[in-house]
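**Q** Quick one: this structure, given as structure tokens, is what I'll be asking you about.
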Protein chains: 6
Amino acid sequence: MGHEEHKKHRYSLRIGVITVSSTRDEKKDVSGKILKEEIEKNGHKPCGYEVVKDDKIEILHALFSMLRVCDAVIVNGGTGISRKDVTYDSVVKNFDKELVGFGEIFRKISYDEIGTAAMMSRATAGIIEGRVVFLTPGSPNAVRTASSLIFSEIEHIWYEMHKEKI
Amino acid sequence: MGHEEHKKHRYSLRIGVITVSSTRDEKKDVSGKILKEEIEKNGHKPCGYEVVKDDKIEILHALFSMLRVCDAVIVNGGTGISRKDVTYDSVVKNFDKELVGFGEIFRKISYDEIGTAAMMSRATAGIIEGRVVFLTPGSPNAVRTASSLIFSEIEHIWYEMHKEKI
Amino acid sequence: MGHEEHKKHRYSLRIGVITVSSTRDEKKDVSGKILKEEIEKNGHKPCGYEVVKDDKIEILHALFSMLRVCDAVIVNGGTGISRKDVTYDSVVKNFDKELVGFGEIFRKISYDEIGTAAMMSRATAGIIEGRVVFLTPGSPNAVRTASSLIFSEIEHIWYEMHKEKI
Amino acid sequence: MGHEEHKKHRYSLRIGVITVSSTRDEKKDVSGKILKEEIEKNGHKPCGYEVVKDDKIEILHALFSMLRVCDAVIVNGGTGISRKDVTYDSVVKNFDKELVGFGEIFRKISYDEIGTAAMMSRATAGIIEGRVVFLTPGSPNAVRTASSLIFSEIEHIWYEMHKEKI
Amino acid sequence: MGHEEHKKHRYSLRIGVITVSSTRDEKKDVSGKILKEEIEKNGHKPCGYEVVKDDKIEILHALFSMLRVCDAVIVNGGTGISRKDVTYDSVVKNFDKELVGFGEIFRKISYDEIGTAAMMSRATAGIIEGRVVFLTPGSPNAVRTASSLIFSEIEHIWYEMHKEKI
Amino acid sequence: MGHEEHKKHRYSLRIGVITVSSTRDEKKDVSGKILKEEIEKNGHKPCGYEVVKDDKIEILHALFSMLRVCDAVIVNGGTGISRKDVTYDSVVKNFDKELVGFGEIFRKISYDEIGTAAMMSRATAGIIEGRVVFLTPGSPNAVRTASSLIFSEIEHIWYEMHKEKI
């Protein structure tokens, strides 16, 4: 049953972090800091870090810059429902395949932690040209929850995406 | 972490109710009645009530009429999978942002209540020009479940949508 | 509350099976075998069985061939995220209505069984011209989980889709 | 060949007019006036007239109100490319079938009249539940061009849409 | 400038014909006959011929059957705007790439021949897995116009689609 | 009638050029050279130039880099129908508004120049966050045709997009 077998395969991936926020800068970016630490703790290699405003062009520029050199990118912030939140709407249409299960399971775990407020996030993940992109809310708590989910599966995702080539 | 803080903010919203049904009229509309009572019980203001047939033009006419004057609209009925069910298909494409988490969590709670039949509903929610629209099944039980979910989060949703202006 | 009432209605449906795999043939197709057995065990009638490669034209040819004569079709395999997985992308856009709740509940049960790896599958279901189509992963375990979910609800789905005609 | 034969069929249709403009009111609305006159000159019946702001909710409210009682609706204004132009984006996604040929031929005739500036308009037409909707630019000249095109074909369109019932 | 050079390349392609009509049968199918004759006159090989009803499943079954063995398929009928016309809506969403220019130029030529009625057709073309599919109206005149356009470019299209492999 | 009036307004815009080609480099890029010359001849300011491979990530990286600093970007190459042509498919979904009239009129002029081969190109234009993006074929002849169309209207487009702010 694949999902156990793959555990034998370990990959050290190059993972970038983008923080989308109109108020945080690099110093105040607690969520970005958590993600960068988790990348290293889990045996992966940091591959770029940027804080950008809630602006479609800035977000997509940062994303496609990182996708040129990284295996995965974690984007935090801008997945909510206010008028300024454009991360989800800008990024999702560029996915070759959307991994709706990531958002579902993120919200399921969130629901157990914070109750019905979990419905508010539009967290999701998807594949662009063989790289994987995760979109998570921007709060430190949400990023911790997402991070634990991402790092428990990212090597499995990598294996599944690339197994026919390996 | 936002989701607790916002509890301090209380909003009394104008909320409309649309019942989509080819068999119910205003007298037989138990689900509509439940929703109108819940709106008041939860400290909000009723803002229109209409029963319409399973017809795209009737549904969208009722919806856009209410969106002119309401902060939120709850549409019940027509989210199923029979040929006559057109509520979901008519409304969803008009969302500026879809809040897929509402449907997911509604079905999760449904699943705990009624088991696998929960998969049958296409309940969802979304934002249109700063107003929020909920689509729920038409049965009284489904409406009670949805109602409890809606009223536990609608003020939080309102705060999140409008916080940058406040 | 409809979902209990319908239990009285029993339908014996004609159900086809398509296995999408670039490595399995009919002899090695354990998952196809499980599905065919479950169809009969649950009182339904087999209605075609085919193993096809991960190829859009082959998959859609098999699907539309079966939809001409079957009430439902279960497609297993090709719902993952590797470049060769095209089942989801080929089939979903042909749905008249998508039943996103099937995929959600499948992944919820999966999550309880195998943990976060559940997020990897793009299982879903939908309606095409009054027939129902299920897309499941191709592994025997996933097919067993999906099968239990499908057969607990397929008659209910049938009833809901066709009740206004009955 | 159909397109000549149908000329024998004459229909007197109920046609509504919506002007989308943030600057015109009913008095200054030359384009609306032209359209209302053309409706009568061509033997059809006026069926509502409204001037609304460049606002998704106002536009769709006016449109679905008229679609309840009219056979066709001509919407002028808001088909351009400035940030305030939302007519095209709000309406098109509600079409059951888009008649892309209307926009193409409108721009072809425009091109002969005004040259390359013709490319600027997002004029189009479509069907919603057996009614026909035309979107045209808001300038009097554009409305005259569109009007001539609409009235040379609207009875043919009506015949084609409804011939199987007639 | 490619478009002249390619004239040197000649390909004899396998081309199928599907007639979508709820009234024609093989005997009355003048348009189908024209297309089959043109295929041979232009040095190509007939590759299947079928008359199907205006039914999504029948159309897509016929299309994907032919795409398994043909290089191109010409589908005539069902591109209009009546409720029964489902060819365009069923087929277009399966295109990997749509060739909108085919429909545009077809309507441009049509316009010169029959005037504004040209706007009525939703003729188009597209690519599915390296094969090309044309959708044309079902009348003999329309099919003659489309046919002349198709056969003047089909070898060029083939060359362009496959040149990197050749 | 706006389209004449605007001629009075002259804007000197910052315009970038992206050449998408898997065979051309900067030295062999005749089409890129033509575009850069036309930008200056027409009184605009060059704003970046890049040659990228037929690769979604490379194309979108170059595009969003330029959109950060340019008023308009002209992308040439990759609008055809071969498997390697991904420019259209990668870029179009990022448009806030598509200007389908640009492609139509480009193909109309092309048709007068080269006949039915004009149908082969998927040239189009669109708006992203108040900037305008043109997609043209990569051959020098096509680029000359597109260029003449672009520079006859780009200031008008700019005026139309921004008039409410001016």
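Chain identifiers are assigned as A, B, and so on, following the order in which chains appear in the structure tokens; residues are numbered from 1 within each chain, and ligands are numbered from 1 in order of appearance.
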Select, as a list in words, those residues of chain A with any atom no more than 6 Å from chain C (distances computed using only C-alpha atoms).

**A**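 That gives the following set of residues: Gly101, Phe102, Glu160 and Met161 of chain A.
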
**Q** Got a sec: who's within 6 Å of segment 48-58 of chain C, counting only C-alpha atoms, leaving out chain neighbours fewer than 4 positions off, as an MDAnalysis selection string?

**A** chainID C and resid 16:22 90

**Q** Based on the backbone DSSP call, show me all residues of segment 26-92 of chain F assigned helix (DSSP H, G or I), as a PyMOL selection string.

**A** chain F and resi 30-41+56-67+87-92

**Q** Fewer than 5 positions away in the same chain doesn't count, so skip those; otherwise give me all residues within 12 Å of Cys70 of chain A, counting only C-alpha atoms, as a PyMOL selection string.

**A** (chain A and resi 12-17+44-49+62-65+128-133) or (chain F and resi 57)

**Q** Could you give me, as a ChimeraX atom specification, each residue of chain A that DSSP assigns to strand (DSSP E) when run on this structure's backbone?

**A** /A:14-20,45-52,72-76,97-98,124-128,131-136

**Q** Mind writing the picked residues with C-alpha atoms as a compact mmCIF listing (two decimals), in the first residue's frame?

**A**
# COMPACT_ATOMS: atom_id res chain seq x y z
CA ARG A 14 14.92 22.85 -1.80
CA ILE A 15 11.97 24.74 -0.31
CA GLY A 16 11.21 28.46 -0.66
CA VAL A 17 9.04 30.63 1.60
CA ILE A 18 6.89 33.58 0.54
CA THR A 19 5.09 35.70 3.10
CA VAL A 20 2.21 37.73 1.70
CA LYS A 45 17.31 23.15 2.24
CA PRO A 46 16.04 26.75 2.37
CA CYS A 47 15.70 28.10 -1.15
CA GLY A 48 14.71 31.73 -1.03
CA TYR A 49 12.58 33.83 1.29
CA GLU A 50 10.58 36.92 0.40
CA VAL A 51 7.94 39.16 2.01
CA VAL A 52 5.56 40.69 -0.54
CA ALA A 72 8.58 23.42 -3.44
CA VAL A 73 7.31 26.80 -2.27
CA ILE A 74 5.21 27.55 0.82
CA VAL A 75 3.20 30.75 0.50
CA ASN A 76 1.64 32.06 3.73
CA LYS A 97 -3.19 19.88 -10.76
CA GLU A 98 -4.84 21.03 -7.54
CA THR A 124 -4.81 24.56 -0.67
CA ALA A 125 -1.91 23.02 -2.58
CA GLY A 126 -1.07 22.20 -6.16
CA ILE A 127 1.48 21.12 -8.71
CA ILE A 128 3.16 23.44 -11.23
CA ARG A 131 7.08 21.46 -8.25
CA VAL A 132 4.64 21.63 -5.35
CA VAL A 133 3.12 24.83 -3.97
CA PHE A 134 1.31 25.16 -0.63
CA LEU A 135 -0.94 28.08 0.30
CA THR A 136 -1.54 28.58 4.02

**Q** If you measure from atom CA of Ser152 of chain E to atom CA of Lys93 of chain E, what distance in Å do you get, rounded to one decimal?

**A**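 Separating atom CA of Ser152 of chain E from atom CA of Lys93 of chain E is a distance of 25.8 Å.
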
**Q** Which value, in Å to one decimal, gives the distance between atom CA of Gly32 of chain C and atom CA of Ile59 of chain C?

**A**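 Separation of atom CA of Gly32 of chain C and atom CA of Ile59 of chain C: 14.8 Å.
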
**Q** Give me, please, the distance in Å between atom CA of Ser110 of chain D and atom CA of Pro137 of chain D, quoted to one decimal.

**A**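 Distance reported for this atom pair: 11.2 Å.
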